[in-house]
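The block underneath contains the structure these notes are about, expressed in structure tokens.
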Amino acid sequence: MALSRLLDRHATYRAHDLAVVYEDVRLTWVELRDRVDSLIRGLRAEGIGKGDKIAMLLDNSMPVIELYQAAGKAGFVVVPLSPLLRGKGLTTLINDSDAEAVVAMHHVVPYLDGVRGDLEDIAHDRLFVVGGEADGYRSFDDLHIDGDPVPAADVADEDIYNIIYSSGTTGLPKGIVHTHAVREAYCTGFASSYRIHPDSVIIHSGSLVFNGSFLTLMPWMYTGCTFVLMPGFDAERMVESMAAEGVTHSMMVPSQIVQLLADGRYALENLPSVEMLCSVGAPLLLEHKHELVSRFPDQCFELYGLTEGFVTILDKTDFLRKADSVGVPPPLYEMVIRDDDGNEVPSGTVGEICGRGPITMPGYYKRDDLTADAIKDGMLHSGDLGYVDEDGFLFLVDRKKDLIISGGVNVYPKDIEEVVITHPAVKDTAVFGVTHPQWGEQPIAAVVLHTNADPDEIRDWVNDHVEARYQKVGDVIVLDELPLSVAGKTLRRRIKADYLDRRG
């Protein structure tokens, strides 16, 4: 029952310490508790109780913080969805989650209006809007009702805290269930791994819809430190906010780190309070990793993980010594590398990364079939390829689905990307495979440039520097930016689809 009582604990023992900062809003723990209690009263007045699902289509904002805290204290189940969802992707996930209410940003209203008749369990008066008024919607602010303090609900470890969907608009819904016990393990485990303490100041600029946000959000809820939430990522504002607020901890995806590294102020000498910078969501290329550690020599971490519930962490103490690695499983976790037949392979051999730990999901929501495919013999099968060295450190090779098979040889995009990024003109890159009449598939490199450069020259340079003939790229395309998911991950499939459309 620990998670449900954390907010009241901090409101009692850290009452006047700063809890959250968002734009001009600065709330102490007792002020945040009072705000969350008023929301809980309002939701209960609507007949929404413990175990009922609330879908959120929200940008970073105070309502997200309030709903996450209310879910912890009152036992509501939050279903964070991307506010970029449209049409069938929107209705499918809301209906699959059995949501009984929707809280949405004002700019999402036109898209909700288009599918309201298809929402199965949402009563007509349980659509709430943030950031404006809209016909047929009620204001989220009106859900707040003053009254006596709200006691924490009697919540069990196995009760659901949230359902997070792994993909938005295509394929079968895969609602990843996280229980209160799982989120409590996020609280203690990641606070320990990242040395987050009650005096820490955490900044977050990525979407709170992304499960990676919980890597610091839950330690904040656990330790009672300060959480600085930005409306969205902006490199210049990020650096300024880190300096102004004395930020100690930050979790970012590689695309954000690349933009921050373009700002000369992003360095320990200008941000002396920094204790932890962690890359998450996708591999951080070595070129960027070395640049980051040159600016923050004893503050860098990297996390590899799945929303379904397995992680490895490259600690700051190993960041240079094992720079190619994504670290080791934290205490209480287990990892094995398996071949296609399910056999454990020796160190140095590439196979599928499998693991388990205290944050492993109990399963996909209402999808026992998909759960059985993902969790076998108690081990979560990641779909990622990697190997461990003689010290047990994990080296991530690539996603199985991104594997390129050229001339019968397995070609890993990340290996080529590590070469492409070292070209002086290249700022960022993504490699993908396309059909080739002779080799089966051929690698193609998409690049974002620092300075103007001829794509054919970059292609020839890359092909002179890769280690093997089958790694040579057939083409280089220049993009203004790499398309990213709401989680900040590079969308290779979209780049590939656009490339094929242009090439006919």
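So you can find residues: chains in the structure tokens are A, B, ... in the order shown, residues in each start at 1, and ligands are numbered from 1 in order.
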Q: May I have the residues within 12 Å of stretch 388-398 of chain A as an MDAnalysis selection string, using only C-alpha atoms and disregarding those fewer than 4 positions away in the same chain?
A: chainID A and resid 282:285 302:305 311:315 318:319 321:330 334:338 344:355 382:384 402:404 410:418 431:432
Q | Selection near A:Glu236, 10 Å with only C-alpha atoms, sequence-local residues under 5 positions removed, as a list in words | A |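 The residues that qualify are Ser241, Gln259, Leu260, Ala262, Asp263, Arg265 and Tyr266 of chain A.
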Determine which residues of stretch 254-425 of chain A DSSP labels as strand (DSSP E or B) from the backbone of this structure, then write them out as a tab-separated table (two decimals) with C-alpha atoms, in the first residue's frame.
```tsv
chain	number	residue	atom	x	y	z
A	276	MET	CA	22.96	12.57	-13.43
A	277	LEU	CA	22.29	12.72	-17.16
A	278	CYS	CA	20.79	9.57	-18.59
A	279	SER	CA	20.13	8.59	-22.19
A	300	CYS	CA	26.53	10.13	-17.51
A	301	PHE	CA	24.30	7.04	-17.51
A	302	GLU	CA	22.57	5.05	-20.22
A	303	LEU	CA	19.50	2.85	-19.89
A	304	TYR	CA	18.30	0.12	-22.21
A	305	GLY	CA	14.83	-1.12	-21.47
A	306	LEU	CA	11.36	-2.17	-22.48
A	310	PHE	CA	13.22	-5.18	-18.20
A	311	VAL	CA	16.23	-2.85	-18.10
A	312	THR	CA	19.98	-2.68	-18.03
A	313	ILE	CA	21.84	0.39	-16.81
A	314	LEU	CA	25.28	1.63	-17.76
A	328	VAL	CA	24.11	-4.60	-16.70
A	334	GLU	CA	18.04	-11.50	-14.37
A	335	MET	CA	19.16	-11.58	-18.02
A	336	VAL	CA	20.00	-14.28	-20.56
A	337	ILE	CA	20.77	-14.22	-24.28
A	338	ARG	CA	18.94	-16.92	-26.24
A	344	GLU	CA	21.17	-19.74	-23.81
A	351	GLY	CA	21.01	-13.63	-29.63
A	352	GLU	CA	17.70	-12.34	-28.34
A	353	ILE	CA	17.84	-10.39	-25.08
A	354	CYS	CA	15.57	-11.96	-22.47
A	355	GLY	CA	15.10	-10.91	-18.87
A	356	ARG	CA	12.89	-10.32	-15.88
A	364	TYR	CA	-0.87	-7.24	-21.89
A	375	ILE	CA	6.76	-14.01	-21.60
A	376	LYS	CA	7.99	-17.59	-21.85
A	379	MET	CA	11.33	-14.53	-19.04
A	380	LEU	CA	10.38	-11.47	-21.08
A	381	HIS	CA	11.55	-11.85	-24.69
A	382	SER	CA	12.55	-8.42	-25.93
A	383	GLY	CA	12.74	-8.84	-29.69
A	384	ASP	CA	16.12	-7.08	-29.45
A	385	LEU	CA	19.45	-8.58	-30.43
A	386	GLY	CA	22.56	-8.31	-28.30
A	387	TYR	CA	25.42	-10.14	-26.62
A	388	VAL	CA	27.25	-10.03	-23.30
A	394	LEU	CA	25.19	-6.13	-22.46
A	395	PHE	CA	26.02	-4.87	-25.94
A	396	LEU	CA	22.94	-3.95	-27.92
A	397	VAL	CA	23.13	-4.95	-31.57
A	398	ASP	CA	19.72	-3.97	-32.99
A	399	ARG	CA	16.03	-4.68	-33.15
A	404	ILE	CA	19.02	-6.12	-42.78
A	405	ILE	CA	19.91	-9.36	-44.54
A	406	SER	CA	22.24	-8.64	-47.45
A	409	VAL	CA	24.59	-11.91	-44.05
A	410	ASN	CA	23.02	-10.22	-41.03
A	411	VAL	CA	23.68	-6.48	-41.26
```
Q: Would you mind telling me which residue in A:Glu133, A:Glu457, A:Asp199, A:Asp98 lies nearest to A:Thr248 when using only C-alpha atoms?
A: A:Asp199
Q) Which residue out of A:Ile257, A:Val64, A:Val228, A:Val419 has the minimum interatomic distance to A:Glu23 when only C-alpha atoms are used? A) A:Val228
Q: Extract, using only C-alpha atoms, all DNA, RNA and protein residues at most 7 Å from A:Glu308, discarding same-chain residues fewer than 3 positions from it, and format them as an MDAnalysis selection string.
A: chainID A and resid 176 360:361
**Q.** Top pick for closest residue to A:Val109, considering A:Leu58, A:Leu32, A:Ala152, A:Ala11 and counting only C-alpha atoms
**A.** A:Leu58
(Q) Residues within 7 Å of stretch 486-498 of chain A, please, as a ChimeraX atom specification. Count only C-alpha atoms; anything in the same chain fewer than 4 positions from it doesn't count. (A) /A:82,207,210,253,255,281-282,430,432,482,502
Q | For A:Lys50: contacts at 10 Å, only C-alpha atoms, fewer than 3 positions along chain excluded, given as a ChimeraX atom specification | A | /A:44,47,53,71,73-77,153-155,159-161
Write to file, as a short mmCIF file (atom, residue, chain, number, x, y, z; two decimals), in the first residue's frame, the residues of the selection just made, with all heavy atoms.
```cif
data_model
loop_
_atom_site.label_atom_id
_atom_site.label_comp_id
_atom_site.auth_asym_id
_atom_site.auth_seq_id
_atom_site.Cartn_x
_atom_site.Cartn_y
_atom_site.Cartn_z
N ARG A 44 -14.64 11.14 -8.03
CA ARG A 44 -15.56 10.26 -7.30
C ARG A 44 -16.99 10.76 -7.38
O ARG A 44 -17.93 9.97 -7.44
CB ARG A 44 -15.10 10.16 -5.84
CG ARG A 44 -13.84 9.30 -5.65
CD ARG A 44 -13.38 9.29 -4.22
NE ARG A 44 -12.28 8.34 -4.02
CZ ARG A 44 -11.55 8.26 -2.91
NH1 ARG A 44 -11.82 9.08 -1.89
NH2 ARG A 44 -10.58 7.39 -2.81
N GLY A 47 -18.77 9.39 -10.14
CA GLY A 47 -18.97 7.94 -10.11
C GLY A 47 -17.76 7.15 -10.56
O GLY A 47 -17.86 5.94 -10.80
N LYS A 53 -11.00 3.22 -15.38
CA LYS A 53 -9.96 3.70 -16.28
C LYS A 53 -10.27 5.11 -16.78
O LYS A 53 -11.40 5.41 -17.17
CB LYS A 53 -9.78 2.78 -17.49
CG LYS A 53 -9.02 1.48 -17.18
CD LYS A 53 -9.89 0.43 -16.58
CE LYS A 53 -9.16 -0.90 -16.40
NZ LYS A 53 -10.01 -1.92 -15.74
N ALA A 71 -4.10 8.75 -9.37
CA ALA A 71 -4.13 7.30 -9.60
C ALA A 71 -3.41 6.57 -8.49
O ALA A 71 -3.85 5.51 -8.02
CB ALA A 71 -3.51 6.97 -10.95
N LYS A 73 -2.95 7.59 -5.37
CA LYS A 73 -3.59 7.72 -4.06
C LYS A 73 -4.98 7.08 -4.00
O LYS A 73 -5.35 6.48 -2.98
CB LYS A 73 -3.70 9.20 -3.68
CG LYS A 73 -4.30 9.43 -2.30
CD LYS A 73 -4.23 10.88 -1.86
CE LYS A 73 -4.81 11.05 -0.46
NZ LYS A 73 -4.74 12.45 0.02
N ALA A 74 -5.74 7.20 -5.10
CA ALA A 74 -7.14 6.77 -5.07
C ALA A 74 -7.40 5.46 -5.80
O ALA A 74 -8.50 4.92 -5.71
CB ALA A 74 -8.03 7.86 -5.65
N GLY A 75 -6.41 4.95 -6.54
CA GLY A 75 -6.60 3.68 -7.21
C GLY A 75 -7.25 3.76 -8.57
O GLY A 75 -7.62 2.73 -9.13
N PHE A 76 -7.44 4.99 -9.12
CA PHE A 76 -7.88 5.08 -10.50
C PHE A 76 -6.81 4.46 -11.39
O PHE A 76 -5.63 4.41 -11.04
CB PHE A 76 -8.08 6.54 -10.94
CG PHE A 76 -8.92 7.37 -10.02
CD1 PHE A 76 -8.47 8.59 -9.53
CD2 PHE A 76 -10.19 6.95 -9.66
CE1 PHE A 76 -9.24 9.36 -8.69
CE2 PHE A 76 -10.98 7.73 -8.82
CZ PHE A 76 -10.50 8.92 -8.33
N VAL A 77 -7.21 4.02 -12.57
CA VAL A 77 -6.26 3.48 -13.54
C VAL A 77 -6.10 4.51 -14.65
O VAL A 77 -7.08 4.86 -15.33
CB VAL A 77 -6.73 2.14 -14.13
CG1 VAL A 77 -5.73 1.63 -15.17
CG2 VAL A 77 -6.90 1.11 -13.02
N ALA A 153 -6.64 5.40 -0.60
CA ALA A 153 -7.44 4.21 -0.84
C ALA A 153 -6.69 2.96 -0.40
O ALA A 153 -5.45 2.95 -0.30
CB ALA A 153 -7.78 4.10 -2.33
N ASP A 154 -7.43 1.93 -0.15
CA ASP A 154 -6.84 0.63 0.19
C ASP A 154 -6.50 -0.07 -1.12
O ASP A 154 -7.34 -0.74 -1.73
CB ASP A 154 -7.85 -0.18 1.01
CG ASP A 154 -7.26 -1.49 1.53
OD1 ASP A 154 -6.04 -1.67 1.38
OD2 ASP A 154 -8.02 -2.32 2.06
N VAL A 155 -5.27 0.09 -1.54
CA VAL A 155 -4.83 -0.41 -2.84
C VAL A 155 -3.85 -1.56 -2.64
O VAL A 155 -2.91 -1.47 -1.85
CB VAL A 155 -4.16 0.70 -3.67
CG1 VAL A 155 -3.73 0.17 -5.03
CG2 VAL A 155 -5.10 1.90 -3.83
N ASP A 159 -3.18 -4.49 -7.87
CA ASP A 159 -4.11 -3.58 -8.54
C ASP A 159 -3.38 -2.81 -9.64
O ASP A 159 -2.20 -2.45 -9.50
CB ASP A 159 -4.70 -2.59 -7.53
CG ASP A 159 -5.72 -3.26 -6.61
OD1 ASP A 159 -6.29 -4.29 -7.01
OD2 ASP A 159 -5.93 -2.75 -5.49
N ILE A 160 -4.09 -2.52 -10.72
CA ILE A 160 -3.48 -1.84 -11.87
C ILE A 160 -3.33 -0.36 -11.58
O ILE A 160 -4.26 0.31 -11.10
CB ILE A 160 -4.33 -2.05 -13.13
CG1 ILE A 160 -4.47 -3.53 -13.46
CG2 ILE A 160 -3.72 -1.31 -14.32
CD1 ILE A 160 -5.41 -3.81 -14.64
N TYR A 161 -2.15 0.16 -11.89
CA TYR A 161 -1.90 1.60 -11.80
C TYR A 161 -2.14 2.26 -13.16
O TYR A 161 -2.78 3.31 -13.25
CB TYR A 161 -0.48 1.87 -11.33
CG TYR A 161 -0.10 3.34 -11.36
CD1 TYR A 161 -0.45 4.17 -10.31
CD2 TYR A 161 0.59 3.89 -12.43
CE1 TYR A 161 -0.13 5.52 -10.32
CE2 TYR A 161 0.91 5.24 -12.47
CZ TYR A 161 0.56 6.05 -11.41
OH TYR A 161 0.86 7.38 -11.44
#
```
(Q) For a test of reading the model, state the distance in Å between atom CA of A:Asp501 and atom CA of A:Pro437, rounded to one decimal. (A)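 One can read the atom CA of A:Asp501 to atom CA of A:Pro437 distance as 17.8 Å.
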Q: Could you jot down the atom CA of A:Ala445 to atom CA of A:Arg503 separation for me, Å, one decimal place?
A: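 Going from atom CA of A:Ala445 over to atom CA of A:Arg503, I get 14.4 Å.
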Q: Write out as a ChimeraX atom specification which residues come within 12 Å of A:Glu287 when counting only C-alpha atoms, dropping same-chain ones fewer than 6 positions away.
A: /A:254,257-258,261,293-294,323-324,417-424,426-429
Residue selection dump (N, CA and C atoms) as a CSV table (one decimal), in the first residue's frame:
```
chain,number,residue,atom,x,y,z
A,254,PRO,N,18.2,10.2,-27.2
A,254,PRO,CA,19.4,10.7,-27.9
A,254,PRO,C,19.1,11.9,-28.8
A,257,ILE,N,19.6,14.9,-26.7
A,257,ILE,CA,21.0,15.1,-26.4
A,257,ILE,C,21.8,15.7,-27.5
A,258,VAL,N,21.5,15.2,-28.8
A,258,VAL,CA,22.2,15.8,-29.9
A,258,VAL,C,21.9,17.3,-30.0
A,261,LEU,N,23.8,19.2,-27.2
A,261,LEU,CA,25.3,19.2,-27.5
A,261,LEU,C,25.6,20.3,-28.5
A,293,VAL,N,30.3,12.9,-22.4
A,293,VAL,CA,31.1,12.6,-21.3
A,293,VAL,C,32.3,13.6,-21.2
A,294,SER,N,32.7,14.2,-22.3
A,294,SER,CA,33.7,15.2,-22.2
A,294,SER,C,33.2,16.5,-21.5
A,323,ALA,N,32.0,1.9,-22.9
A,323,ALA,CA,31.3,2.9,-23.7
A,323,ALA,C,30.4,2.3,-24.7
A,324,ASP,N,30.8,1.2,-25.3
A,324,ASP,CA,29.9,0.5,-26.3
A,324,ASP,C,28.7,-0.2,-25.7
A,417,GLU,N,25.5,3.0,-38.6
A,417,GLU,CA,25.3,4.4,-38.1
A,417,GLU,C,26.4,4.9,-37.3
A,418,GLU,N,27.2,4.0,-36.6
A,418,GLU,CA,28.4,4.4,-35.8
A,418,GLU,C,29.4,5.0,-36.8
A,419,VAL,N,29.5,4.5,-38.0
A,419,VAL,CA,30.4,5.0,-39.0
A,419,VAL,C,29.9,6.3,-39.6
A,420,VAL,N,28.6,6.3,-40.0
A,420,VAL,CA,28.1,7.5,-40.7
A,420,VAL,C,28.2,8.7,-39.8
A,421,ILE,N,28.0,8.6,-38.5
A,421,ILE,CA,27.9,9.7,-37.6
A,421,ILE,C,29.3,10.4,-37.4
A,422,THR,N,30.4,9.7,-37.8
A,422,THR,CA,31.7,10.2,-37.7
A,422,THR,C,32.1,11.1,-38.9
A,423,HIS,N,31.2,11.1,-39.9
A,423,HIS,CA,31.5,12.1,-41.0
A,423,HIS,C,31.4,13.5,-40.5
A,424,PRO,N,32.3,14.4,-40.9
A,424,PRO,CA,32.3,15.7,-40.3
A,424,PRO,C,31.0,16.5,-40.5
A,426,VAL,N,27.9,15.3,-40.7
A,426,VAL,CA,26.7,14.6,-40.2
A,426,VAL,C,26.4,14.9,-38.8
A,427,LYS,N,25.2,15.3,-38.5
A,427,LYS,CA,24.7,15.6,-37.2
A,427,LYS,C,24.0,14.4,-36.5
A,428,ASP,N,23.2,13.7,-37.4
A,428,ASP,CA,22.4,12.6,-36.9
A,428,ASP,C,22.1,11.7,-38.1
A,429,THR,N,21.8,10.4,-37.8
A,429,THR,CA,21.6,9.5,-38.9
A,429,THR,C,20.7,8.3,-38.5
```
